[in-house]
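One structure is given here, and the rest of the page talks about it.
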Amino acid sequence: MKSAVLVFPGINRERDLARAFEVVSGVKSHMVWHTETELPDVDVVAIPGGFSYGDYLRCGAIAARSPIVDAVRRHAERGGYVLGICNGFQIVTEIGLLPGALMRNASLKFVCKEVRLRVDNATTAFTSAYAPGQVIRCPIAHGEGNYFADAETLARLEGEGRVVFRYCDAEGRTTDAADPNGSINHIAGILNERGNVLGMMPHPENLIESLQGGIDGRGLFESLAKVA
Amino acid sequence: MKARVTVTLKNGVLDPQGKAIQGALKSLGFAGVDDVRQGKLIELDLATSDRAAAEAEVTAMCEKLLANTVIENYRIELV
Amino acid sequence: MKARVTVTLKNGVLDPQGKAIQGALKSLGFAGVDDVRQGKLIELDLATSDRAAAEAEVTAMCEKLLANTVIENYRIELV
Amino acid sequence: MLRNDIPITPELVAEHGLKPDEYQRILDLIGREPTLTELGIFSAMWNEHCSYKSSKKWLKTLPTKGERVLIGPGENAGVVDIGDGQAVVFKMESHNHPSYIEPYQGATTGVGGILRDVFTMGARPIAAMNALRFGEPTHPKTHHIVSGVVAGVGGYGNSFGVPTVGGEVNFHRRYNGNCLVNAFAAGLLDADKIFLSEAKGVGMPVVYLGSKTGRDGIHGASMASAEFDDNSAEKRPTVQVGDPFAEKLLLEASLELMASGAVIAIQDMGAAGLTCSAVEMGAKGNLGLELNLDAVPCREPGMTAYEMMLSESQERMLMVLHPHLEQQAEAIFRKWGLDFAIVGQTTDTLRFVVKHHGEVMADLPIKDLGDQAPEYDRPWVEPKKLPVLDPAATRAPEDYRQALLDLLGSPNLSSRRWVWEQYDHLIQGNTVQRPGGDAAVVRVERPNGGKAKGLGFTCDVTPRYVEADPYEGGKQAIAESWRNLNAVGSRPIAVTDNLNFGNPERPEIMGQFVAALRGLGEACRALDMPIVSGNVSLYNETNGVAILPTPAIGAVGLMDDVTKTVGIAFDRDEDVVVLIGDTIGWMGQSSYLYELFGIEEGAPPPVDLAIEKKTGDFVRDAVIAGRLTAAHDLSDGGLLVALAEMAMAGKTGARILLPELDMPLHAFLFGEDQARYVVTASPAEASKLIVDAAMAGVPATAIGAVGGDALVIGEHLNVAVADLRDRHESWFPGYMSGV
Ligand SMILES: Nc1ncnc2c1ncn2[C@@H]1O[C@H](COP(=O)(O)OP(=O)(O)O)[C@@H](O)[C@H]1O
Ligand SMILES: [Mg+2]
């Protein structure tokens with residue numbers, strides 16, 4: 001699997017993400033600086049977590065206007081995979097590759113902890129290594145992960161099975177208590193129509209080795225490695 | 001010439017900050033606050049003094065960057 | 001009655017947000033933006049329709065919660 | 001705007017925090033009246049914060065050397081060898097006064113400052129901690145300060161991208177008027193690539209990097225050394241604002257620049273910004289330095305030399321660069337969108353010359369600015385010893401279950417989850433022991449592969465002990481950090497200290513300082529934990545009420561194989577619970593008396609360093625040998641609280657069988673005797689462990705077995721782990737959800 005990890009000023013989980021790609025696929029990622037206008041020849045373009053441009057103005061807003069973004073758009077149009085995690089998810093929605101927006105957590109606080117996610121669509125290129133409905137552990141670390149979309153968009157996302165991950169409790173129940181940020185329908189990750197762009201707030205890249213406390217995050221990278 | 005841009009959430013978009021402020025005001029003993037919405041204020045110092053040009057320019061800035069028109073409205077005042 | 005509170009940083013206080021927006025506007029090709037400052041806008045729906053009472057009430061809210069008067073100024077408009 | 005050549009009146013001198021005799025010293029040194037800018041420079045260099053004038057004499061008594069110590073105190077941070085050509089760089093620093101005035105920004109700039117200290121040496125930050133002390137929860141300011149400080153620590157560290165893996169939070173009325181915000185940061189570098197502040201070579205360009213200079217924090221360094229009174233609010237507009245985004249860029253740009261070979265010397269602009277950094281670079285290198293302020297990137301128009309020299313705008317660096325690599329250096333900074341300006345050069349005159357608009361604003365002997373700073377041997381009195389409490393004379397609880405629940409639900413012993421969940425403690429993917437246990441453990445990959453090492457990090461001090469007996473309390477702070485590191489299986493290798501005290505001009509306070517340092521020094525020597533960096537914060541006093549003496553310790557331990565660490569959680573049914581160390585039931589200054597009855601009486605528990613050493617070595621070896629399934633040191637709240645913490649962490653109970661006691665039960669359960677741990681091991685392993693302990697001269701007793709969903713202590717207590725968790729987890733969120 002050939003991957004590129006985009007680096008914007010203020011991004012800070014680029015090493016974590018590149019490490020996950022390397023641990024799972026054995027291949028080093030290309031690190032691509034935001035001022036580039038072309039991507040290397042890769043299967044997956046990954047946009048990591050962090051605080052691009054300090055997350056000033058709006059999370060991901062300034063990064064989404066960077067020179068590299070046109071190339072990301074073209075990559076997606078060609079059917080290439082795009083993975084946006086945390087700030088990456090925010091950037092991908094600001095680019096418009098995914099619908100909706102990420103707002104301040106309902107608690108108004110940054111939250112870092114391990115949550116549970118239910119894999120609500122295990123047929124995607126990003127999740128095929130998981131079982132349908134499987135409950136996995138996954139760390140989160142964000143202040144603005146409260147997913148919002150208008151009713152119509154939401155109905156489409158739900159109707160087309162594009163809600164891939166949902167916050168849940170250990171038994172897989174989606175409850176307010178198990179939702180760390182107040183996301184609508186407890187959404188943690190969504191897919192675009194074509195199925196090649198995934199955005200998610202949690203950080204599977206921080207749970208891929210037993211030393212980190214578990215390996216539940218591996219499945220996502222293994223899924224990609226199967227198709228790419 | 002100065003421009004003041006106010007960016008507010010569209011109706012129907014959840015506003016966690018506004019809600020939190022409302023709750024905090026209530027627990028501080030301020031009764032009678034029916035609703036609170038929080039927005040952004042962006043003040044720009046522009047080199048130009050041509051109103052029409054400034055208006056067009058700032059509108060373009062809002063559309064391209066300052067507001068996320070999926071969830072936000074903006075309003076421009078020139079001063 | 002509605003109140004609009006704008007909260008802005010005091011003069012001389014560093015405004016990282018404004019700085020970042022200015023930089024972004026520049027790299028998007030908007031020339032001639034000399035300065036950008038970011039502030040907050042808070043819109044309140046008040047139950048009262050007594051102007052004087054509202055004014056006093058909102059001032060107290062600003063002092064106690066809405067503005068950080070160590071580094072911020074606020075302005076109240078009743079509408 | 002103040003002119004540079006105004007007459008220097010006694011009032012002006014006093015406003016600059018200089019005493020008349022200190023001003024006379026300035027006149028004697030330079031042989032004329034200083035200009036205003038010069039006065040400002042002296043006030044910055046000679047205030048307590050920068051000159052350590054009250055503490056220097058005593059700091060010199062601390063042990064700072066050791067086999068692993070590459071760089072001790074005196075640089076931006078200490079550097080300790082961890083093998084494989086790698087070194088850990090760390091330091092702790094206070095931002096107390098600014099945090100009281102503006103909690104959010106005070107905390108952010110505190111975190112920013114300590115991170116800068118670490119990466120200025122060439123290290124990439126890998127861990128942060130924060131030791132926080134607040135007033136009583138019921139004090140009207142406390143809630144606001146807690147929420148602002150915690151948000152600020154998180155706001156900066158999270159955005160910068162360093163995992164905040166540990167810390168401490170205390171509440172006590174003696175912090176009502178002065179909170180303490182002590183930030184720790186550690187970074188990793190190659191031991192042969194350490195960068196220092198010493199300038200080398202004449203005519204080398206002095207380069208300014210990072211954010212622009214504004215009027216932030218002018219007099220900030222002086223403020224940090226001034227006692228508060230009710231007018232302090234007026235000092236507010238000098239508040240500095242942190243910009244973690246700029247700091248992250250500064251980190252990446254600085255490391256890239258260092259790797260390029262262009263950097264001769266580097267110094268971050270911290271307290272007293274440009275003044276301190278420039279003087280230090282020149283003086284350390286035995287060189288003069290000339291600054292041209294016209295080139296300094298300013299955020300505001302019309303800034304005077306005085307303001308530029310004293311500004312504490314954040315996220316700035318000063319470097320001396322190789323002249324032929326200047327352009328390359330500039331390109332790196334431009335790439336990261338940061339300001340870059342040549343603002344001066346090194347000279348051979350040993351003068352510190354500041355020019356602005358073609359005029360000389362200051363011309364001072366550079367070495368004297370540091371070397372000739374006043375140094376005081378302040379009068380001090382030996383603290384009085386308190387009587388030892390007879391455990392039998394202390395109150396027993398009416399109901400053990402209730403007493404335990406109340407302790408776990410108290411402000412000081414309740415879970416800090418509300419705090420550390422606001423900190424990204426997982427970023428970088430190396431956090432092996434997360435917050436909530438004894439010490440955090442962070443993985444360190446070896447440069448050439450192979451099994452990964454680990455670093456343990458902990459923050460400790462029990463201020464009530466230090467207040468009651470500064471000497472024993474000082475020892476205890478080191479001993480507790482030693483225990484926390486051992487419990488996770490890391491060998492303690494070095495410490496940093498943050499010495500927070502009241503007004504040193506009062507002999508009782510100075511006496512606390514002297515005695516505490518004697519204790520710290522003695523413990524560090526006995527446990528082979530040299531002090532490699534630190535910070536002193538004095539004058540933490542408001543209206544004559546001083547804080548509890550708080551020598552906060554940040555300690556670092558090393559693991560050869562990070563996979564060998566254990567946590568505190570009861571893990572496996574049938575495991576045997578073993579109490580290690582001697583218990584006599586020390587009740588003086590115990591959390592039990594303080595949290596449940598508000599009693600702060602008696603001498604605190606004494607620390608026998610030889611026993612600490614023997615016990616700690618034994619426990620650590622057992623962890624590393626893989627013999628234990630859990631280990632936890634005993635501290636606040638004694639044995640019962642430790643057992644409860646292990647039960648809560650593992651969501652598993654235990655059944656404890658009381659041994660024969662020659663002390664009251666509550667003294668056994670809640671006493672805070674030192675040098676103790678609770679460990680668990682399989683039954684077979686536990687038997688062997690107890691035998692080995694006996695051979696090593698370490699007391700070890702099997703006291704029960706893991707299992708069930710309740711913590712059961714003989715006939716005296718039976719409480720569901722879920723109830724324990726409920727009380728333990730609810731105080732903090734409950735308190736903070738009020739406004
Ligand atoms: N301010 C803080 N930031 C991060 N972690 C904290 C903070 N305060 C406490 N913790 C964590 O909570 C746990 C318990 O703290 P404490 O009771 O002080 O530990 P100990 O008694 O072992 O020194 C530790 O893991 C500690 O690192
Ligand atoms: Mg401990």
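Residues in the structure tokens are numbered from 1 in each chain, the chains being A, B, ... in the order shown, and ligands are numbered from 1 in the order shown.
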- Task: When you get a sec, could you note down which chain B residues fall within 9 Å of chain A, using only C-alpha atoms, as JSON, numbers by chain?
- Result: {"B": [12, 13, 14, 15, 16, 17, 19, 20, 40, 64, 65, 66, 67, 68, 70, 71]}
- May I ask you to write as an MDAnalysis selection string all residues lying at most 6 Å from ligand 1, with only C-alpha atoms and all ligand atoms counted? chainID D and resid 129:132 165:169 416 419:420 435:439 460 484 635
Could you write out the selected residues, including N, CA and C atoms, as a JSON list (two decimals), in the first residue's frame?
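Wrote part_29.json, looks like this:
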[["chain", "number", "residue", "atom", "x", "y", "z"],
["D", 129, "MET", "N", 4.21, 17.42, 31.95],
["D", 129, "MET", "CA", 3.42, 17.22, 33.18],
["D", 129, "MET", "C", 3.10, 18.59, 33.74],
["D", 130, "ASN", "N", 2.16, 18.61, 34.69],
["D", 130, "ASN", "CA", 1.83, 19.88, 35.31],
["D", 130, "ASN", "C", 1.44, 19.68, 36.76],
["D", 131, "ALA", "N", 2.11, 20.42, 37.64],
["D", 131, "ALA", "CA", 1.82, 20.33, 39.08],
["D", 131, "ALA", "C", 1.07, 21.59, 39.46],
["D", 132, "LEU", "N", -0.18, 21.39, 39.92],
["D", 132, "LEU", "CA", -1.07, 22.52, 40.14],
["D", 132, "LEU", "C", -1.53, 22.57, 41.60],
["D", 165, "VAL", "N", 1.29, 13.74, 30.27],
["D", 165, "VAL", "CA", 1.11, 12.39, 30.80],
["D", 165, "VAL", "C", 1.00, 12.32, 32.31],
["D", 166, "GLY", "N", 1.20, 13.43, 32.99],
["D", 166, "GLY", "CA", 1.12, 13.33, 34.44],
["D", 166, "GLY", "C", 1.08, 14.68, 35.10],
["D", 167, "GLY", "N", 0.97, 14.63, 36.42],
["D", 167, "GLY", "CA", 0.94, 15.87, 37.18],
["D", 167, "GLY", "C", 0.36, 15.66, 38.54],
["D", 168, "GLU", "N", 0.02, 16.75, 39.18],
["D", 168, "GLU", "CA", -0.58, 16.71, 40.51],
["D", 168, "GLU", "C", -1.57, 17.86, 40.61],
["D", 169, "VAL", "N", -2.58, 17.65, 41.45],
["D", 169, "VAL", "CA", -3.50, 18.74, 41.75],
["D", 169, "VAL", "C", -3.76, 18.73, 43.26],
["D", 416, "ARG", "N", -8.38, 12.53, 39.30],
["D", 416, "ARG", "CA", -8.04, 13.70, 38.49],
["D", 416, "ARG", "C", -8.41, 13.53, 37.03],
["D", 419, "VAL", "N", -9.30, 16.37, 34.91],
["D", 419, "VAL", "CA", -8.16, 17.18, 34.47],
["D", 419, "VAL", "C", -7.48, 16.52, 33.28],
["D", 420, "TRP", "N", -7.02, 15.29, 33.48],
["D", 420, "TRP", "CA", -6.16, 14.73, 32.42],
["D", 420, "TRP", "C", -6.90, 14.28, 31.17],
["D", 435, "PRO", "N", -2.04, 8.45, 32.40],
["D", 435, "PRO", "CA", -2.29, 9.08, 33.70],
["D", 435, "PRO", "C", -3.25, 8.23, 34.53],
["D", 436, "GLY", "N", -3.16, 8.37, 35.84],
["D", 436, "GLY", "CA", -4.05, 7.64, 36.72],
["D", 436, "GLY", "C", -3.33, 6.61, 37.56],
["D", 437, "GLY", "N", -2.09, 6.30, 37.20],
["D", 437, "GLY", "CA", -1.32, 5.35, 37.98],
["D", 437, "GLY", "C", -0.26, 6.06, 38.79],
["D", 438, "ASP", "N", 0.88, 5.43, 38.99],
["D", 438, "ASP", "CA", 1.94, 6.05, 39.78],
["D", 438, "ASP", "C", 2.77, 6.99, 38.92],
["D", 439, "ALA", "N", 3.51, 6.43, 37.98],
["D", 439, "ALA", "CA", 4.26, 7.30, 37.07],
["D", 439, "ALA", "C", 3.78, 6.98, 35.65],
["D", 460, "ASP", "N", 5.89, 15.11, 42.19],
["D", 460, "ASP", "CA", 5.51, 14.87, 43.58],
["D", 460, "ASP", "C", 5.99, 15.94, 44.55],
["D", 484, "ASN", "N", 7.32, 6.27, 43.09],
["D", 484, "ASN", "CA", 6.43, 6.22, 41.93],
["D", 484, "ASN", "C", 7.15, 5.67, 40.71],
["D", 635, "SER", "N", 0.97, 6.38, 49.51],
["D", 635, "SER", "CA", 1.21, 7.78, 49.84],
["D", 635, "SER", "C", -0.03, 8.32, 50.54]]
- Message: At a cut-off of 6 Å, using only C-alpha atoms, what residues contact Ile47 in chain A? Leave out same-chain residues fewer than 3 positions from it and give the result as a list in words.
- Response: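 Listing them by chain and then by number gives Val5, Leu6, Gly84 and Gly88 of chain A.
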- Message: Give me the residues near Asp179 in chain A as a list in words, where near means some atom within 10 Å (using only C-alpha atoms) and where sequence neighbours in that chain fewer than 6 positions away do not count.
- Response: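 These residues fall inside the cut-off: Ala106, Val115, Arg116, Leu117, Asn146, Arg166, Tyr167, Cys168, Asp169, Asn185, His186, Ile187 and Ala188 of chain A.
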Can those selected residues be exported to a file as a short mmCIF file (atom, residue, chain, number, x, y, z; two decimals), in the first residue's frame so that it contains C-alpha atoms?
data_model
loop_
_atom_site.label_atom_id
_atom_site.label_comp_id
_atom_site.auth_asym_id
_atom_site.auth_seq_id
_atom_site.Cartn_x
_atom_site.Cartn_y
_atom_site.Cartn_z
CA ALA A 106 -21.12 19.73 23.50
CA VAL A 115 -14.04 5.31 23.53
CA ARG A 116 -15.89 2.47 21.87
CA LEU A 117 -16.94 2.54 18.25
CA ASN A 146 -19.39 17.28 17.27
CA ARG A 166 -20.69 5.35 15.69
CA TYR A 167 -19.84 6.02 19.34
CA CYS A 168 -21.28 3.31 21.56
CA ASP A 169 -20.86 1.58 24.88
CA ASN A 185 -26.81 10.30 15.60
CA HIS A 186 -23.58 9.56 17.53
CA ILE A 187 -21.63 9.73 14.30
CA ALA A 188 -17.88 9.17 14.60
#
- Please return, as a PyMOL selection string, all residues of chain B lying within 6 Å of chain C when only C-alpha atoms are considered. chain B and resi 32-47
- For CA of Phe126 in chain A and CA of Val72 in chain A, quote the distance in Å rounded to one decimal.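 Distance reported for this atom pair: 17.7 Å.
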- Message: At a cut-off of 10 Å and counting only C-alpha atoms and all ligand atoms, what residues surround ligand 2? Please answer as a list in words.
- Response: Gly436, Gly437, Asp438, Ala439, Thr458, Cys459, Asp460, Glu480, Ser481, Trp482, Arg483, Asn484, Leu485, Asn486, Ala487, Val488, Ile568, Ala631, His632, Asp633, Leu634, Ser635, Asp636, Ala642, Glu645 and Tyr677 of chain D
- Item | Selection: 10 Å around Ser591 in chain D, only C-alpha atoms, excl. self and same-chain fewer than 2 positions, as a PyMOL selection string | chain D and resi 407+410+412-413+464+587-589+593-600+635-638+670-672
- Task: Can you check which residues of chain A have any atom within 7 Å of chain D? Use only C-alpha atoms and format it as a list in words.
- Result: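 Contact residues on the first chain: Pro9, Gly10, Asn12, Arg13, Asp16, Gly50, Phe51, Tyr53, Gly54, Lys109, Phe110, Val111, Cys112, Lys113, Ala141, Asn206, Leu211 and Gln212 of chain A.
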Filtering to C-alpha atoms, could you give me those residues as a JSON list (two decimals), in the first residue's frame?
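After the write, out38.json holds the following:
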[["chain", "number", "residue", "atom", "x", "y", "z"],
["A", 9, "PRO", "CA", 1.55, 23.86, 9.49],
["A", 10, "GLY", "CA", 0.20, 22.96, 12.92],
["A", 12, "ASN", "CA", 0.85, 17.18, 14.84],
["A", 13, "ARG", "CA", -0.18, 13.56, 14.40],
["A", 16, "ASP", "CA", 1.62, 8.68, 14.38],
["A", 50, "GLY", "CA", -3.53, 18.22, 14.79],
["A", 51, "PHE", "CA", -4.31, 21.89, 14.83],
["A", 53, "TYR", "CA", -3.09, 26.82, 11.45],
["A", 54, "GLY", "CA", -3.85, 26.62, 15.14],
["A", 109, "LYS", "CA", -14.00, 20.81, 26.48],
["A", 110, "PHE", "CA", -11.20, 19.06, 24.69],
["A", 111, "VAL", "CA", -11.45, 15.38, 25.48],
["A", 112, "CYS", "CA", -8.81, 12.69, 25.28],
["A", 113, "LYS", "CA", -9.82, 9.19, 26.23],
["A", 141, "ALA", "CA", -8.43, 13.56, 21.31],
["A", 206, "ASN", "CA", -2.87, 5.38, 18.21],
["A", 211, "LEU", "CA", 2.17, -1.58, 24.02],
["A", 212, "GLN", "CA", -0.32, 1.17, 23.30]]
- Query: Running DSSP on the backbone, which parts of range 4-212 of chain A land in alpha helix (DSSP H), as a PyMOL selection string?
  - Reply: chain A and resi 14-25+69-77+87-95+151-159
Any chance you could export the current selection's N, CA and C atoms as a JSON list (two decimals), in the first residue's frame?
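As written to disk, result-v4.json reads:
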[["chain", "number", "residue", "atom", "x", "y", "z"],
["A", 14, "GLU", "N", 1.11, 13.61, 12.34],
["A", 14, "GLU", "CA", 1.56, 13.04, 11.07],
["A", 14, "GLU", "C", 2.49, 11.85, 11.28],
["A", 15, "ARG", "N", 3.29, 11.91, 12.35],
["A", 15, "ARG", "CA", 4.20, 10.79, 12.58],
["A", 15, "ARG", "C", 3.43, 9.56, 13.05],
["A", 16, "ASP", "N", 2.43, 9.79, 13.88],
["A", 16, "ASP", "CA", 1.62, 8.68, 14.38],
["A", 16, "ASP", "C", 0.96, 7.95, 13.22],
["A", 17, "LEU", "N", 0.44, 8.74, 12.28],
["A", 17, "LEU", "CA", -0.29, 8.14, 11.16],
["A", 17, "LEU", "C", 0.68, 7.41, 10.22],
["A", 18, "ALA", "N", 1.81, 8.04, 9.96],
["A", 18, "ALA", "CA", 2.79, 7.40, 9.08],
["A", 18, "ALA", "C", 3.30, 6.10, 9.70],
["A", 19, "ARG", "N", 3.43, 6.12, 11.00],
["A", 19, "ARG", "CA", 3.89, 4.92, 11.68],
["A", 19, "ARG", "C", 2.88, 3.78, 11.52],
["A", 20, "ALA", "N", 1.60, 4.13, 11.63],
["A", 20, "ALA", "CA", 0.57, 3.10, 11.50],
["A", 20, "ALA", "C", 0.62, 2.48, 10.10],
["A", 21, "PHE", "N", 0.75, 3.31, 9.08],
["A", 21, "PHE", "CA", 0.85, 2.76, 7.72],
["A", 21, "PHE", "C", 2.05, 1.83, 7.61],
["A", 22, "GLU", "N", 3.15, 2.26, 8.20],
["A", 22, "GLU", "CA", 4.37, 1.46, 8.06],
["A", 22, "GLU", "C", 4.28, 0.16, 8.85],
["A", 23, "VAL", "N", 3.74, 0.25, 10.08],
["A", 23, "VAL", "CA", 3.64, -0.95, 10.90],
["A", 23, "VAL", "C", 2.76, -2.00, 10.21],
["A", 24, "VAL", "N", 1.67, -1.53, 9.63],
["A", 24, "VAL", "CA", 0.72, -2.48, 9.05],
["A", 24, "VAL", "C", 1.15, -2.95, 7.66],
["A", 25, "SER", "N", 1.66, -2.03, 6.84],
["A", 25, "SER", "CA", 1.94, -2.43, 5.45],
["A", 25, "SER", "C", 3.42, -2.65, 5.18],
["A", 69, "VAL", "N", -4.50, 20.99, -2.02],
["A", 69, "VAL", "CA", -5.87, 20.49, -1.96],
["A", 69, "VAL", "C", -6.44, 20.12, -3.34],
["A", 70, "ASP", "N", -6.07, 20.87, -4.35],
["A", 70, "ASP", "CA", -6.56, 20.53, -5.69],
["A", 70, "ASP", "C", -6.12, 19.12, -6.10],
["A", 71, "ALA", "N", -4.89, 18.81, -5.75],
["A", 71, "ALA", "CA", -4.39, 17.48, -6.08],
["A", 71, "ALA", "C", -5.15, 16.40, -5.31],
["A", 72, "VAL", "N", -5.52, 16.72, -4.08],
["A", 72, "VAL", "CA", -6.29, 15.75, -3.27],
["A", 72, "VAL", "C", -7.65, 15.53, -3.93],
["A", 73, "ARG", "N", -8.25, 16.62, -4.37],
["A", 73, "ARG", "CA", -9.54, 16.52, -5.04],
["A", 73, "ARG", "C", -9.45, 15.64, -6.28],
["A", 74, "ARG", "N", -8.42, 15.88, -7.06],
["A", 74, "ARG", "CA", -8.25, 15.08, -8.29],
["A", 74, "ARG", "C", -8.03, 13.61, -7.96],
["A", 75, "HIS", "N", -7.25, 13.38, -6.92],
["A", 75, "HIS", "CA", -6.99, 12.01, -6.47],
["A", 75, "HIS", "C", -8.32, 11.32, -6.11],
["A", 76, "ALA", "N", -9.17, 12.04, -5.40],
["A", 76, "ALA", "CA", -10.46, 11.46, -5.01],
["A", 76, "ALA", "C", -11.33, 11.22, -6.25],
["A", 77, "GLU", "N", -11.29, 12.18, -7.17],
["A", 77, "GLU", "CA", -12.10, 12.03, -8.39],
["A", 77, "GLU", "C", -11.66, 10.82, -9.21],
["A", 87, "ASN", "N", -8.37, 16.29, 12.82],
["A", 87, "ASN", "CA", -8.25, 17.53, 12.06],
["A", 87, "ASN", "C", -8.38, 17.21, 10.56],
["A", 88, "GLY", "N", -7.93, 16.04, 10.17],
["A", 88, "GLY", "CA", -8.06, 15.61, 8.78],
["A", 88, "GLY", "C", -9.52, 15.50, 8.35],
["A", 89, "PHE", "N", -10.36, 15.01, 9.24],
["A", 89, "PHE", "CA", -11.80, 14.92, 8.97],
["A", 89, "PHE", "C", -12.35, 16.33, 8.80],
["A", 90, "GLN", "N", -11.95, 17.22, 9.71],
["A", 90, "GLN", "CA", -12.42, 18.61, 9.62],
["A", 90, "GLN", "C", -11.98, 19.24, 8.30],
["A", 91, "ILE", "N", -10.75, 18.96, 7.91],
["A", 91, "ILE", "CA", -10.24, 19.53, 6.66],
["A", 91, "ILE", "C", -11.01, 18.97, 5.46],
["A", 92, "VAL", "N", -11.24, 17.68, 5.49],
["A", 92, "VAL", "CA", -11.95, 17.05, 4.36],
["A", 92, "VAL", "C", -13.37, 17.59, 4.22],
["A", 93, "THR", "N", -14.03, 17.88, 5.35],
["A", 93, "THR", "CA", -15.36, 18.48, 5.22],
["A", 93, "THR", "C", -15.26, 19.91, 4.73],
["A", 94, "GLU", "N", -14.24, 20.63, 5.19],
["A", 94, "GLU", "CA", -14.07, 22.00, 4.71],
["A", 94, "GLU", "C", -13.75, 22.03, 3.21],
["A", 95, "ILE", "N", -13.04, 21.02, 2.75],
["A", 95, "ILE", "CA", -12.76, 20.93, 1.31],
["A", 95, "ILE", "C", -14.05, 20.65, 0.55],
["A", 151, "ALA", "N", -30.88, 17.85, 8.09],
["A", 151, "ALA", "CA", -31.73, 16.65, 8.12],
["A", 151, "ALA", "C", -31.64, 15.86, 6.82],
["A", 152, "GLU", "N", -31.63, 16.58, 5.72],
["A", 152, "GLU", "CA", -31.63, 15.92, 4.42],
["A", 152, "GLU", "C", -30.33, 15.13, 4.20],
["A", 153, "THR", "N", -29.21, 15.80, 4.51],
["A", 153, "THR", "CA", -27.91, 15.15, 4.37],
["A", 153, "THR", "C", -27.83, 13.92, 5.26],
["A", 154, "LEU", "N", -28.33, 14.11, 6.47],
["A", 154, "LEU", "CA", -28.27, 13.04, 7.44],
["A", 154, "LEU", "C", -29.07, 11.83, 6.95],
["A", 155, "ALA", "N", -30.24, 12.12, 6.41],
["A", 155, "ALA", "CA", -31.09, 11.04, 5.92],
["A", 155, "ALA", "C", -30.36, 10.28, 4.81],
["A", 156, "ARG", "N", -29.68, 11.01, 3.96],
["A", 156, "ARG", "CA", -28.94, 10.34, 2.88],
["A", 156, "ARG", "C", -27.80, 9.49, 3.43],
["A", 157, "LEU", "N", -27.04, 10.08, 4.37],
["A", 157, "LEU", "CA", -25.93, 9.34, 4.96],
["A", 157, "LEU", "C", -26.41, 8.03, 5.58],
["A", 158, "GLU", "N", -27.49, 8.15, 6.33],
["A", 158, "GLU", "CA", -28.02, 6.97, 7.01],
["A", 158, "GLU", "C", -28.58, 5.99, 5.99],
["A", 159, "GLY", "N", -29.33, 6.52, 5.05],
["A", 159, "GLY", "CA", -29.99, 5.66, 4.07],
["A", 159, "GLY", "C", -28.98, 4.90, 3.21]]
- Who sits within 7 Å of range 77-89 of chain D, only C-alpha atoms, same chain under 2 positions skipped, as a list in words: Arg68, Val69, Leu70, Ile71, Gly72, Pro73, Glu75, Lys91, Asp117, Val118, Ala123, Ala186, Gly187, Leu188, Leu189, Asp190, Ala191, Arg446, Val532 and Ser533 of chain D
